Amino acid sequence: QVTQLAAAARLTVGPEQQLSTWLWEVVLQLRLHTSEQPQRVLTAGADTHTTMDKVPNLTNDPSLQHLQRAVKTDMPIAFYIALAMTSVGNDKNEFLSSGLPLLLHLVEGGHIVPTIHVLAKVTPLFLTCQQNLLQEKRFLKIVEKVIQSDHSLTSSELGPNCKLLCSMIQFQVQSGFVSARVSSTTVLEFWVRMLTSLPQWWYNTQVLLVLDSLLQTAFRCKGGEDMTISILYDRYKALLSTKTDPGVLVSLVSWMSSSAGPPTFLDKPTQSGVWVAYQVLQAESMWEEDTQLRKMLESALQQDSSVSVEGAVKNVSSELHLPSAPPLHRLMIYRWAQQALATPLDHALLPLIWQRFFQIYLHRPAADSGMSGRGGVGHRFFQAHSQSSLLKKLKKRLQEAADFHYAASKTPAALQVDGPSEAAAEDQTEEPLVPSSDPAGVHQKLSKLFHSFYLWIDEPRLHDPNLYLPALPQQYDAERLLCLFKNSQDAWLEFVDMDRVERDIAVMATEWVQHRQVKTAGTSKLSPDFSQPATSPMERHLMTSDLTQAPPSAGEQDPPVPEVAPQVLEDTTLLLATVEPHLQHLLHQARIFTEREQRHLMLDNTYLDLIPDHYHNKHVTLNLQIPCHSSFTLSSPTCKGPAQITLQYQEKTLDTAVDGQLKENRLQAEQLVDSAMNPPQQQLCASALFVERLITDLVNHSSSQQQNAGPVTKEVGTSLFYKMVRCVDEDNRHYAPTRQFFSSCIEALGQEFIGKNPDEAGRLLQATLATPALCGLLGPHFSPNQAGVTFINMYADVTHVPDSHGVDLAFMLLTKFDVQMWLESCRPSLTDRSHLVDTIGKALLLCGPQPKADMLMVFEVYQSHLQTMLRYSFPDHFGDVLMVLLQGSDSKQLSPLCWKNTLRTLGCAEELGTSADSVTLSLLTPQQVTETLGWLSSHFMQLRSSSQQLAVNGLYCEMQQYVLHIGQLLGLLFTTLLQAEFTGSVVPSHNFEGEVENLWTLLRTAYEPWLASVDAAKLGNSVPSGVGLCMPWTEKESGLASGVMANFTNCLHLLFSRYKGALPTHSQDVLALTWRYYASSLARSDQPHVLRVYHDSLVTLPWEHFYPDIHAFNLMMKLLEECHPVCQSFLCSVFIRLDCLTLVADYCSHDLPEIVARLHECLLHLLVHFSVQESEAVSGKLQEAEQFAWHYLSAAAYQNTMSWLVDAANPDLVLSQAQGQAPSQPISLMKTAAGFKPETQVQYADVCRKQQLYVHGVVELVCRCVARR
């Protein structure tokens, strides 16, 4: 490896390079190609195949074995000779198959001039079959590399290589030097197509300059201008239709977004590429005409005199369905105007550019048949403020052009250029299109033309449709105006200085001829005699010289770089002692550079501080005497003398002291720069090379003994690695050569001795934390995944890095910890894995509940590692991860995203309450799920009783952000348990009722800390005195509670559907257990916001399948008497969904009369109560009740219900039947229950008593009604 320090010392050219340069000069002057061989006159038209038979074949010719061997060894000069001399460069097919790779190697090796020579020889072969070469991407790459070799893409002048390429192309075009005897136009077409096939050629300044020279030649070739414009127009249409070209992606996107218009080859006017600009604008003008944009725009401006140009462009673009409206500055009239301003005054194309501008500016739209002629609208384009300023610039530029050519016509000799050389004149084979004229006459014509242009641009009459051209003065040149009005497209070539164009072309072509001329010695020296063998001078010298002289003595010289002793590679102490002085040389150079830079900076700061004091204002007082020159006298006293005037002002004064300090400061700065420009010392380069050699030998020694390498070799390499690390200080990193040198050395040592040694991970981590600035150097070699248990300790150290060293370093180090790889490769024990889970949990708590923006990357890595531990060997760490989540939630330091990602890993769906298919929880046994649910219930119940706030207000106030995820976890666990318990088949002998009760109890216990109101006595001393029943949530937390309650209800739905049909009718199913829990526990709450959450969820249960026993009816009666009215409404909604007819019939057929009597007592009271409170809801049930067996009802029970009806009901309901309305439903029901049904023939006990009670009750209601009225 050659470093920058060693390269800085190579300031002289060695003998080998001198020989190589001489060989290249000689071989480039040889005429090796068939096209360069002289031909006799009689054989000039011989067949090409006859000539090709004499060309040696590189592969089959035995005389070229040395050349073949050199080509195989990638010798550049052999590539050139093979291309120039053999069939590889003389046959088209062989060149495409075998020659292109050789030419590509040649140009990639930096041999640009030989590549241009090969292009000059090869391209004529393909002029008759251009597509064969134009479609070769390798050939395009070669031409592109030749053009890019000058590294001056932004320069306005041709680089040396591009200039040589341009002269070669001009020589081919001008001389007709082609083997196929084709015209110069064909040569021109080939190169124009070649250059415009290069990727993004319109962005490359050098390509545009070469193309500019070629397009200049197009003006003197027959049909050349039309051919080049056609090619450019085809390229432009391809650019418009291209959708995937990355080079024009920005242009296309901006075009489609209606901001920048269609793409273009010419973003702005140019001064250096005027020939390219002229023909590009010609080609893009064709697009404006083909799309009818210009025609429609002129018509719109003529029809509506109030519309602006911008508005007209938008309207016309919409009518033409263009992708977007082009911006104003992209209209061709403005682009021709801008290019006319940018073109130099002495450029030959300037008249034609102005002609194209006036063709649009003075154009008159064609009139419709039968209509009068139309005037021009060109002046409308320059009515806005910004456009009017452009018009002023155009007028000023035209005046300058007219003045310039008028002055040139008076002094033509000052502008003359030497005529073309004889060599160029001999090569010209085609006559110019326009005869040359004297320079003075040309300038006179141009002066008159530009004067006419100046008159045109400021004459409003030229836009008048009634203009009479013969009436215009002679200066207006009416004949040319008529050509413009008729839309003539013929270029005014008589104003182009064609002599100057041909001179420029001839000069360019002559440069190629001069380049290929054989370089001979001076005329005073005799030419060598090539008739004698080359060995003759050597033999004569040997025969005449004295052979007895002894050879010169060669003294022993020490090598510039000392060798590395083998024992150094095995001894750490010896190696460090050996390398220490060399490292000190490098560090000393870095310190010198830093000190010099600081000194330079100090001098510059001092200079800036002194500048304000360089001059100061000096107060000056000046006395002036002004004499009186007036001859006016009066009777006043005579003049007393001149007037005395005193002037006081501040005078700029140089401070000589500060001036001296400034000069001394700049002198010191120059001396400092001179010292910095001195090459480094030889010892410095030798030290760098020695350290590199030492590291290379050490790495090679370790690699050669890889199988038997002992700890000594590793220790030596490791010690040298950390030694190099300790040397990298601030000065070292600031000095670019030492920074690069130490970086490469540390990288080589780290790859061999650190990255492959897992035991060094901990030490490397401590070194990185000690010097965070070196994380970029040390980080690539940090690989902790094979470090065993040390992995956990290093992970714990890294979790504290964000606070101590910053987030970026922590993220870089964390990305090196691949937990999955560590688990699979090291197979740690369960204890170690649990320790890592605990470490990750502590790290997540350090991130906080809402990680900051800069901590999000680190937080995501922690989460990923935690989920990896959860998935590994599931469910080993299920409890550990839950413990981390619970502890973080209790302390409110854990982000809710941890819960979310954990649930996603466990297979829980995003939506609350949906039963997701558990992918991993199915591995848990029913016992493990049961224990987990019990543990969660116990944890949250203890948490609720841990503080006074939680006991009184519930868990929601402190755990709002975790409630949703905890509810999902409980539902997921219960779903998993239910899937494991249910077998899918009903077994009659199985105790399903016991299973349901156990599952119900487990579910109730799991959700009880979140849903149930708890007695203050059960919560201990944490509840203040005076509080009897603690509510589970406050009113503002009802939304969260609704989610948990809905989750609980979904579990009830799932449990009911699982065991539906498996339980007998009279058993305690899910609905019976739920009703008992509601009536005995949940309904105890007296807070409407709590009861509302209960009822909204519980009402969704399938109560139509509820078969209440007599105990359930007793609870209903109790609810009516004791609970909140909201509970009575919920009871009504449940009651009306019961199948009472089936229920009564079943009770009458199976149960004891006492139970049936109690049933009818409850039914009567419930029906009467609900008919009074919720009359519409129970109307259907009251009609069904007439079919009940009311004879089971006792008189005492009937009396209680009638007494309640008399006290609670509105007395007016007894008058409904008397007023002709339908009888009141509660009265009708009480009448039926009293036994007044006409179809009843059998008289039961207590019937008379119940009928008496009914009459008494009705009379009481009538009396109360009368009393009210």
# chains A, B, ... in the order shown; residues from 1 in each chain; ligands from 1
>>> select_by_dssp(residues="segment 941-1101 of chain A", states="helix (DSSP H, G or I)", output="PyMOL selection string")
chain A and resi 941-944+948-953+960-981+992-1011+1016-1022+1035-1058+1070-1080+1082-1084+1088-1098
>>> closest_residue(among="A:Ala312, A:Glu25, A:Ser891, A:Ile333", to="Gln517 of chain A", atoms="only C-alpha atoms")
A:Glu25
>>> residues_around(residues="segment 509-511 of chain A", least_positions_apart="2", cutoff="8 Å", atoms="only C-alpha atoms", output="count of residues only")
16
>>> select_by_dssp(residues="segment 855-1103 of chain A", states="strand (DSSP E or B)", output="list in words")
Val1014, Asp1015, Leu1029 and Cys1030 of chain A
>>> write_last_selection(atoms="N, CA and C atoms", output="compact mmCIF listing (two decimals), in the first residue's frame")
# COMPACT_ATOMS: atom_id res chain seq x y z
N VAL A 1014 -65.40 -2.06 45.26
CA VAL A 1014 -64.84 -2.86 46.36
C VAL A 1014 -65.18 -2.17 47.68
N ASP A 1015 -65.53 -3.01 48.69
CA ASP A 1015 -65.78 -2.47 50.03
C ASP A 1015 -64.50 -1.88 50.58
N LEU A 1029 -68.00 2.30 49.92
CA LEU A 1029 -67.81 1.52 48.70
C LEU A 1029 -66.94 2.33 47.73
N CYS A 1030 -65.85 1.75 47.29
CA CYS A 1030 -64.89 2.43 46.40
C CYS A 1030 -65.23 2.10 44.95
>>> residues_around(residues="segment 103-118 of chain A", least_positions_apart="2", cutoff="9 Å", atoms="only C-alpha atoms", output="MDAnalysis selection string")
chainID A and resid 24 28 74:77 79:80 83:84 89 99:101 120:123 138:139 141:143 145:146 149 161 164:165 168
>>> write_last_selection(atoms="C-alpha atoms", output="PDB file, in the first residue's frame")
ATOM      1  CA  TRP A  24       4.580   6.092 -26.787  1.00  0.00           C
ATOM      2  CA  LEU A  28       2.095   7.075 -32.188  1.00  0.00           C
ATOM      3  CA  ASP A  74      -2.552  -6.077 -20.010  1.00  0.00           C
ATOM      4  CA  MET A  75       0.244  -3.928 -21.400  1.00  0.00           C
ATOM      5  CA  PRO A  76      -1.328  -0.671 -22.704  1.00  0.00           C
ATOM      6  CA  ILE A  77       1.116  -0.123 -25.560  1.00  0.00           C
ATOM      7  CA  PHE A  79      -3.318  -2.844 -26.833  1.00  0.00           C
ATOM      8  CA  TYR A  80      -2.613   0.114 -29.107  1.00  0.00           C
ATOM      9  CA  LEU A  83      -5.636  -2.223 -32.596  1.00  0.00           C
ATOM     10  CA  ALA A  84      -3.532  -0.281 -35.080  1.00  0.00           C
ATOM     11  CA  GLY A  89      -8.563  -2.741 -35.593  1.00  0.00           C
ATOM     12  CA  GLY A  99     -11.175  -4.702 -30.317  1.00  0.00           C
ATOM     13  CA  LEU A 100     -13.646  -2.858 -28.116  1.00  0.00           C
ATOM     14  CA  PRO A 101     -12.481  -4.564 -24.895  1.00  0.00           C
ATOM     15  CA  ALA A 120      -9.271   8.165 -35.965  1.00  0.00           C
ATOM     16  CA  LYS A 121      -8.325   4.830 -37.514  1.00  0.00           C
ATOM     17  CA  VAL A 122     -11.422   2.800 -36.657  1.00  0.00           C
ATOM     18  CA  THR A 123     -14.385   5.146 -37.088  1.00  0.00           C
ATOM     19  CA  ARG A 138     -18.924   0.128 -24.719  1.00  0.00           C
ATOM     20  CA  PHE A 139     -17.968   2.445 -27.550  1.00  0.00           C
ATOM     21  CA  LYS A 141     -18.432   4.680 -22.775  1.00  0.00           C
ATOM     22  CA  ILE A 142     -15.017   5.038 -24.459  1.00  0.00           C
ATOM     23  CA  VAL A 143     -15.954   8.329 -26.106  1.00  0.00           C
ATOM     24  CA  LYS A 145     -14.253   8.744 -20.896  1.00  0.00           C
ATOM     25  CA  VAL A 146     -12.146  10.553 -23.511  1.00  0.00           C
ATOM     26  CA  SER A 149     -10.591  13.011 -19.071  1.00  0.00           C
ATOM     27  CA  ASN A 161      -7.850  16.030 -24.917  1.00  0.00           C
ATOM     28  CA  LEU A 164      -7.364  16.981 -29.887  1.00  0.00           C
ATOM     29  CA  LEU A 165     -10.519  14.892 -30.400  1.00  0.00           C
ATOM     30  CA  MET A 168      -9.318  14.838 -35.381  1.00  0.00           C
TER      31      MET A 168
END
>>> residues_around(residues="Ala1145 of chain A", least_positions_apart="5", cutoff="9 Å", atoms="only C-alpha atoms", output="PyMOL selection string")
chain A and resi 1140+1150+1188-1189
>>> write_last_selection(atoms="N, CA and C atoms", output="PDB file, in the first residue's frame")
ATOM      1  N   CYS A1140     -91.064 -16.074  28.730  1.00  0.00           N
ATOM      2  CA  CYS A1140     -91.818 -16.321  29.968  1.00  0.00           C
ATOM      3  C   CYS A1140     -92.810 -17.471  29.809  1.00  0.00           C
ATOM      4  N   HIS A1150     -92.387 -29.180  36.505  1.00  0.00           N
ATOM      5  CA  HIS A1150     -91.259 -29.835  37.173  1.00  0.00           C
ATOM      6  C   HIS A1150     -91.077 -29.416  38.625  1.00  0.00           C
ATOM      7  N   PHE A1188    -100.802 -17.166  31.877  1.00  0.00           N
ATOM      8  CA  PHE A1188    -100.101 -17.799  32.998  1.00  0.00           C
ATOM      9  C   PHE A1188    -101.112 -18.488  33.920  1.00  0.00           C
ATOM     10  N   ALA A1189    -100.610 -19.437  34.716  1.00  0.00           N
ATOM     11  CA  ALA A1189    -101.446 -20.154  35.705  1.00  0.00           C
ATOM     12  C   ALA A1189    -101.513 -19.332  36.977  1.00  0.00           C
TER      13      ALA A1189
END
>>> closest_residue(among="A:His379, A:Lys54, A:Lys395, A:Arg364", to="Lys486 of chain A", atoms="only C-alpha atoms")
A:Arg364
